[in-house]
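Engineer: Provided herewith: protein33.txt, compact mmCIF, C-alpha atoms.
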# COMPACT_ATOMS: atom_id res chain seq x y z
CA MET A 1 177.37 74.83 4.26
CA GLU A 2 181.16 74.67 4.39
CA HIS A 3 184.36 75.86 2.70
CA PHE A 4 183.97 79.56 3.46
CA LEU A 5 185.95 82.13 1.57
CA ARG A 6 188.38 84.07 3.76
CA GLU A 7 186.60 87.39 3.87
CA GLU A 8 187.85 90.94 3.64
CA LYS A 9 186.72 93.21 6.48
CA ASN A 10 186.02 96.12 4.13
CA LYS A 11 182.67 95.77 2.38
CA LYS A 12 183.82 97.29 -0.91
CA LEU A 13 186.89 95.06 -1.05
CA LEU A 14 184.82 92.00 -0.18
CA ARG A 15 182.34 92.81 -2.94
CA LYS A 16 185.18 93.15 -5.43
CA GLN A 17 186.83 89.93 -4.22
CA ILE A 18 183.71 87.79 -4.49
CA LEU A 19 182.53 89.21 -7.80
CA SER A 20 185.97 88.46 -9.22
CA LYS A 21 185.70 84.84 -8.10
CA ARG A 22 182.13 84.49 -9.33
CA ASP A 23 183.02 85.94 -12.72
CA GLN A 24 185.56 83.15 -13.16
CA LEU A 25 182.76 80.56 -13.32
CA CYS A 26 182.05 79.22 -16.78
CA GLN A 27 178.48 79.16 -18.11
CA GLU A 28 178.26 75.39 -17.74
CA SER A 29 179.24 75.59 -14.09
CA ILE A 30 176.84 78.49 -13.45
CA LEU A 31 173.92 76.53 -14.85
CA GLN A 32 174.89 73.30 -13.11
CA LYS A 33 175.20 74.99 -9.72
CA SER A 34 171.99 76.93 -10.34
CA VAL A 35 170.10 73.68 -10.98
CA GLU A 36 171.29 72.37 -7.61
CA ILE A 37 170.25 75.59 -5.88
CA TRP A 38 166.82 75.32 -7.47
CA LYS A 39 166.46 71.68 -6.38
CA ASN A 40 167.39 72.55 -2.81
CA LEU A 41 164.85 75.37 -2.76
CA THR A 42 161.94 73.34 -4.12
CA GLN A 43 162.38 70.64 -1.48
CA THR A 44 161.49 73.11 1.29
CA THR A 45 158.07 73.61 2.82
CA ILE A 46 158.48 77.35 2.48
CA TYR A 47 158.65 77.04 -1.34
CA GLN A 48 155.91 74.44 -1.59
CA LYS A 49 153.47 76.59 0.42
CA ALA A 50 154.45 79.93 -1.12
CA ASP A 51 151.75 81.80 -3.02
CA ILE A 52 153.96 84.35 -4.80
CA ILE A 53 157.66 84.08 -5.66
CA PHE A 54 159.26 87.52 -5.56
CA THR A 55 162.40 86.92 -7.58
CA TYR A 56 165.16 88.83 -9.29
CA VAL A 57 165.75 88.27 -13.00
CA SER A 58 169.20 86.71 -13.23
CA ALA A 59 171.90 88.20 -15.44
CA LYS A 60 175.56 87.57 -16.22
CA THR A 61 177.23 85.31 -13.63
CA GLU A 62 174.49 85.45 -10.98
CA ALA A 63 172.87 82.30 -9.63
CA GLN A 64 170.27 81.73 -12.33
CA THR A 65 166.56 82.21 -11.69
CA LEU A 66 165.22 82.90 -15.19
CA PRO A 67 165.57 79.27 -16.43
CA PHE A 68 163.19 78.15 -13.66
CA PHE A 69 160.33 80.58 -14.21
CA GLU A 70 158.41 77.98 -16.24
CA LYS A 71 158.78 75.50 -13.38
CA MET A 72 157.40 78.06 -10.94
CA TRP A 73 154.34 78.57 -13.11
CA GLU A 74 153.94 74.80 -13.43
CA ASN A 75 154.01 74.66 -9.62
CA ASN A 76 151.06 77.13 -9.59
CA LYS A 77 153.15 80.00 -8.24
CA LYS A 78 152.65 83.61 -9.17
CA ILE A 79 155.91 85.33 -10.11
CA ALA A 80 156.71 88.93 -9.19
CA VAL A 81 159.81 90.70 -10.50
CA PRO A 82 161.27 94.10 -9.59
CA ILE A 83 161.11 97.36 -11.48
CA THR A 84 163.72 99.83 -10.24
CA GLU A 85 162.88 103.50 -9.85
CA SER A 86 164.58 106.65 -8.56
CA ASN A 87 165.76 107.19 -4.98
CA ARG A 88 166.50 103.49 -4.42
CA ASN A 89 162.83 102.63 -4.75
CA MET A 90 161.67 99.38 -6.27
CA THR A 91 158.24 98.02 -7.19
CA PHE A 92 157.43 94.36 -7.73
CA VAL A 93 155.01 93.53 -10.54
CA ILE A 94 153.35 90.33 -11.69
CA LEU A 95 155.11 88.53 -14.55
CA ASN A 96 152.92 86.30 -16.71
CA ASP A 97 155.36 85.54 -19.50
CA LYS A 98 159.09 85.92 -20.08
CA LYS A 99 158.27 87.92 -23.22
CA GLU A 100 157.16 90.78 -20.95
CA LEU A 101 160.83 91.38 -19.99
CA THR A 102 161.53 93.99 -22.63
CA GLU A 103 163.13 96.89 -20.73
CA ILE A 104 166.86 96.79 -19.90
CA LYS A 105 168.15 98.62 -16.81
CA TRP A 106 171.67 98.05 -15.50
CA GLY A 107 171.89 95.16 -17.96
CA ILE A 108 168.87 93.45 -16.36
CA PRO A 109 165.56 92.78 -18.15
CA GLU A 110 162.43 94.34 -16.62
CA PRO A 111 158.78 94.57 -17.66
CA LYS A 112 157.39 97.93 -18.76
CA LYS A 113 155.83 99.58 -15.74
CA GLU A 114 152.89 101.00 -17.68
CA ASN A 115 151.87 97.48 -18.76
CA SER A 116 152.35 95.88 -15.36
CA ILE A 117 150.32 95.23 -12.22
CA ALA A 118 152.06 96.01 -8.93
CA ILE A 119 151.80 93.48 -6.11
CA THR A 120 152.78 93.39 -2.44
CA PRO A 121 153.81 90.32 -0.46
CA THR A 122 151.61 88.25 1.83
CA GLU A 123 152.66 86.19 4.84
CA LYS A 124 153.09 83.18 2.52
CA SER A 125 155.22 84.95 -0.10
CA LEU A 126 158.84 83.97 -0.78
CA PHE A 127 161.61 86.36 -1.82
CA LEU A 128 164.61 85.06 -3.77
CA VAL A 129 167.08 87.84 -3.06
CA PRO A 130 170.23 88.48 -5.10
CA ALA A 131 173.45 88.90 -3.15
CA VAL A 132 177.10 89.46 -3.79
CA ALA A 133 177.87 87.92 -0.40
CA MET A 134 176.12 86.61 2.70
CA ASP A 135 177.35 85.50 6.08
CA ILE A 136 176.06 82.75 8.34
CA LYS A 137 173.96 85.19 10.36
CA GLY A 138 171.94 86.36 7.37
CA ASN A 139 173.79 89.61 6.74
CA ARG A 140 173.93 90.46 3.04
CA ILE A 141 176.07 92.54 0.73
CA GLY A 142 174.32 93.58 -2.47
CA TYR A 143 175.54 95.54 -5.45
CA GLY A 144 175.54 98.85 -3.58
CA GLY A 145 172.30 100.36 -4.83
CA GLY A 146 170.33 99.81 -1.64
CA TYR A 147 167.13 98.85 -3.46
CA TYR A 148 166.36 95.70 -1.49
CA ASP A 149 167.21 97.24 1.88
CA THR A 150 164.91 100.17 1.10
CA TYR A 151 162.15 97.82 -0.02
CA PHE A 152 162.40 95.55 3.03
CA GLN A 153 162.29 98.51 5.38
CA LYS A 154 158.76 99.14 4.09
CA GLN A 155 157.56 95.61 3.34
CA LYS A 156 157.80 93.24 6.30
CA LYS A 157 155.78 90.27 5.06
CA GLY A 158 157.20 87.22 3.30
CA CYS A 159 160.25 85.02 3.76
CA LYS A 160 163.52 86.53 2.49
CA ILE A 161 166.00 83.96 1.14
CA GLY A 162 169.41 84.78 -0.28
CA TYR A 163 169.89 82.92 -3.59
CA LEU A 164 173.60 82.53 -4.36
CA PHE A 165 176.57 80.26 -4.93
CA GLN A 166 178.48 78.70 -2.03
CA LEU A 167 181.62 80.63 -3.00
CA GLN A 168 179.74 83.80 -2.07
CA VAL A 169 179.16 82.72 1.54
CA VAL A 170 181.49 84.06 4.23
CA LYS A 171 181.60 83.51 7.98
CA HIS A 172 181.23 87.15 8.88
CA ILE A 173 180.38 90.47 7.25
CA TYR A 174 182.00 93.11 9.43
CA ASP A 175 180.77 96.58 8.54
CA VAL A 176 177.01 95.97 8.78
CA GLU A 177 175.09 99.25 8.75
CA GLN A 178 171.88 100.08 10.56
CA THR A 179 170.02 100.29 7.25
CA ASP A 180 171.15 96.81 6.14
CA ILE A 181 168.32 94.30 6.37
CA ALA A 182 169.33 90.76 7.32
CA LEU A 183 167.66 87.90 5.45
CA ASP A 184 165.76 84.94 6.91
CA GLY A 185 167.83 82.27 5.18
CA MET A 186 169.99 81.34 2.24
CA VAL A 187 170.11 78.64 -0.39
CA THR A 188 173.20 77.56 -2.34
CA GLU A 189 174.17 74.47 -4.29
CA SER A 190 175.41 73.03 -0.98
CA GLY A 191 172.10 73.28 0.84
CA ILE A 192 169.67 75.62 2.55
CA CYS A 193 169.71 77.13 6.02
CA PHE A 194 167.54 79.51 8.02
CA PHE A 195 168.50 82.06 10.67
CA ARG A 196 166.83 83.18 13.91
CA GLY A 197 164.27 80.38 13.85
CA GLY A 198 163.66 80.56 10.11
CA CYS A 199 160.37 81.33 8.41
CA LYS A 200 156.81 80.61 9.35
CA TYR A 201 156.29 77.50 7.25
CA GLU A 202 159.70 75.88 7.63
Take the structure in the file and give it back as structure tokens.
Structural biologist:
Amino acid sequence: MEHFLREEKNKKLLRKQILSKRDQLCQESILQKSVEIWKNLTQTTIYQKADIIFTYVSAKTEAQTLPFFEKMWENNKKIAVPITESNRNMTFVILNDKKELTEIKWGIPEPKKENSIAITPTEKSLFLVPAVAMDIKGNRIGYGGGYYDTYFQKQKKGCKIGYLFQLQVVKHIYDVEQTDIALDGMVTESGICFFRGGCKYE
């Protein structure tokens, strides 16, 4: 993974800088890069042995996950997607069909909670985690809501992989807070890498 963006030391400025660059990508480029990210992910043992894929539902200029849900089901994976709640809490529920994504929160489709079955990760589960930026130590900057950090403070099982474009990778995120949860690895269109020894099945 090369060609790092020169990062800002202030987290808010870095978030603004990277989102600005990501928003300049055209839809064709977003999809093309997302296909490469998906290919890199599926070549790993950690994906091939995963029982449940805990994934975000992509929106706008994010690295796309939604186009690959059918492939996940074809690969005999269960899919779990998040439902956001109050106080930075988040619940993952099983998704059986894209048509279940009928609620819109923050511009992102979600299933209706009352029609959904909550699920927790196992040791063999894989998280595809959205990120505005990541560094080469696994530190992550999200969108500022704190939902994933709060969730990972409670749920320790599963392999946590940042799913993002190479332009979002920086050498160092400076103002890491105690509540920020580092991820186990990252995958971009340039490749995949793991930190601190990686995950159990890699």
Engineer: Which is closest to Asp51 (chain A) among A:Thr91, A:Thr120, A:Thr65, A:Thr102, if we use all atoms listed in the file?
Structural biologist: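 For Asp51 (chain A), the nearest of the candidates is A:Thr120.
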Engineer: Any chance you could tabulate, as a Markdown table, the residues of region 77-162 of chain A at most 9 Å from region 172-196 of chain A with each one's nearest atom pair and distance in Å to one decimal, using all atoms listed in the file, in chain and rising number order?
Structural biologist:
| residue | atom | partner | partner_atom | distance |
| --- | --- | --- | --- | --- |
| A:Leu128 | CA | A:Met186 | CA | 8.9 |
| A:Val129 | CA | A:Leu183 | CA | 8.5 |
| A:Ala133 | CA | A:Ile173 | CA | 8.4 |
| A:Met134 | CA | A:Ile173 | CA | 7.3 |
| A:Asp135 | CA | A:His172 | CA | 5.1 |
| A:Ile136 | CA | A:His172 | CA | 6.8 |
| A:Lys137 | CA | A:Phe195 | CA | 6.3 |
| A:Gly138 | CA | A:Leu183 | CA | 4.9 |
| A:Asn139 | CA | A:Ala182 | CA | 4.6 |
| A:Arg140 | CA | A:Ala182 | CA | 6.3 |
| A:Ile141 | CA | A:Ile173 | CA | 8.1 |
| A:Gly146 | CA | A:Asp180 | CA | 8.4 |
| A:Tyr148 | CA | A:Ile181 | CA | 8.2 |
| A:Asp149 | CA | A:Ile181 | CA | 5.5 |
| A:Thr150 | CA | A:Thr179 | CA | 8.0 |
| A:Phe152 | CA | A:Ile181 | CA | 6.9 |
| A:Gln153 | CA | A:Ile181 | CA | 7.4 |
| A:Cys159 | CA | A:Asp184 | CA | 6.3 |
| A:Lys160 | CA | A:Asp184 | CA | 5.2 |
| A:Ile161 | CA | A:Gly185 | CA | 4.7 |
| A:Gly162 | CA | A:Met186 | CA | 4.3 |
Engineer: Set the distance at 12 Å and use only C-alpha atoms: which residues neighbour Phe165 (chain A) once local chain neighbours fewer than 5 positions away are removed? I'd like the list as a ChimeraX atom specification.
Structural biologist: /A:1-5,18-19,21-23,25,29-38,61-64,130-134,170,186-192
Engineer: For Tyr56 (chain A), which residue out of A:Lys77, A:Pro109, A:Leu13, A:Gln24 is the nearest one, using all atoms listed in the file?
Structural biologist: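 Ranking A:Lys77, A:Pro109, A:Leu13, A:Gln24 by distance to Tyr56 (chain A), first place goes to A:Pro109.
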Engineer: Between A:Asn10, A:Ser20, A:Glu74, A:Ile119, which has the minimum distance to Gln168 (chain A) (counting only C-alpha atoms)?
Structural biologist: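 Looking at the shortest contact to Gln168 (chain A), the residue is A:Ser20.
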Engineer: Between CA of Lys16 (chain A) and CA of Met90 (chain A), what is the distance in Å, rounded to a tenth?
Structural biologist: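 One can read the CA of Lys16 (chain A) to CA of Met90 (chain A) distance as 24.3 Å.
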Engineer: Looking at only C-alpha atoms, which of A:Lys105, A:Lys171, A:Lys156, A:Lys99 is the one that sits closest to Ala59 (chain A)?
Structural biologist: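 Checking each candidate against Ala59 (chain A), we get A:Lys105 as the closest.
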Engineer: Counting only C-alpha atoms, which of A:Trp73, A:Trp106, A:Tyr147, A:Tyr163 gets nearest to Lys60 (chain A)?
Structural biologist: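 Going through A:Trp73, A:Trp106, A:Tyr147, A:Tyr163 one by one, the smallest distance to Lys60 (chain A) is for A:Trp106.
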Engineer: In Å, with one decimal, what is the gap from CA of Pro121 (chain A) to CA of Gln43 (chain A)?
Structural biologist: 21.5 Å
Engineer: Calculate how many Å separate CA of Thr55 (chain A) from CA of Val81 (chain A), rounding to one decimal.
Structural biologist: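 Between CA of Thr55 (chain A) and CA of Val81 (chain A) the gap is 5.4 Å.
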Engineer: Using all atoms listed in the file, which of A:Ala80, A:Ser86, A:Lys49, A:Val57 sits nearest Glu103 (chain A)?
Structural biologist: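 That would be A:Val57, the residue with the smallest distance to Glu103 (chain A).
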Engineer: Do you know which residues are at most 10 Å from Lys124 (chain A) counting only C-alpha atoms, after dropping those on the same chain fewer than 6 positions away, and could you put them as number ranges by chain?
Structural biologist: A: 46-47, 49-53, 157-159, 199-201
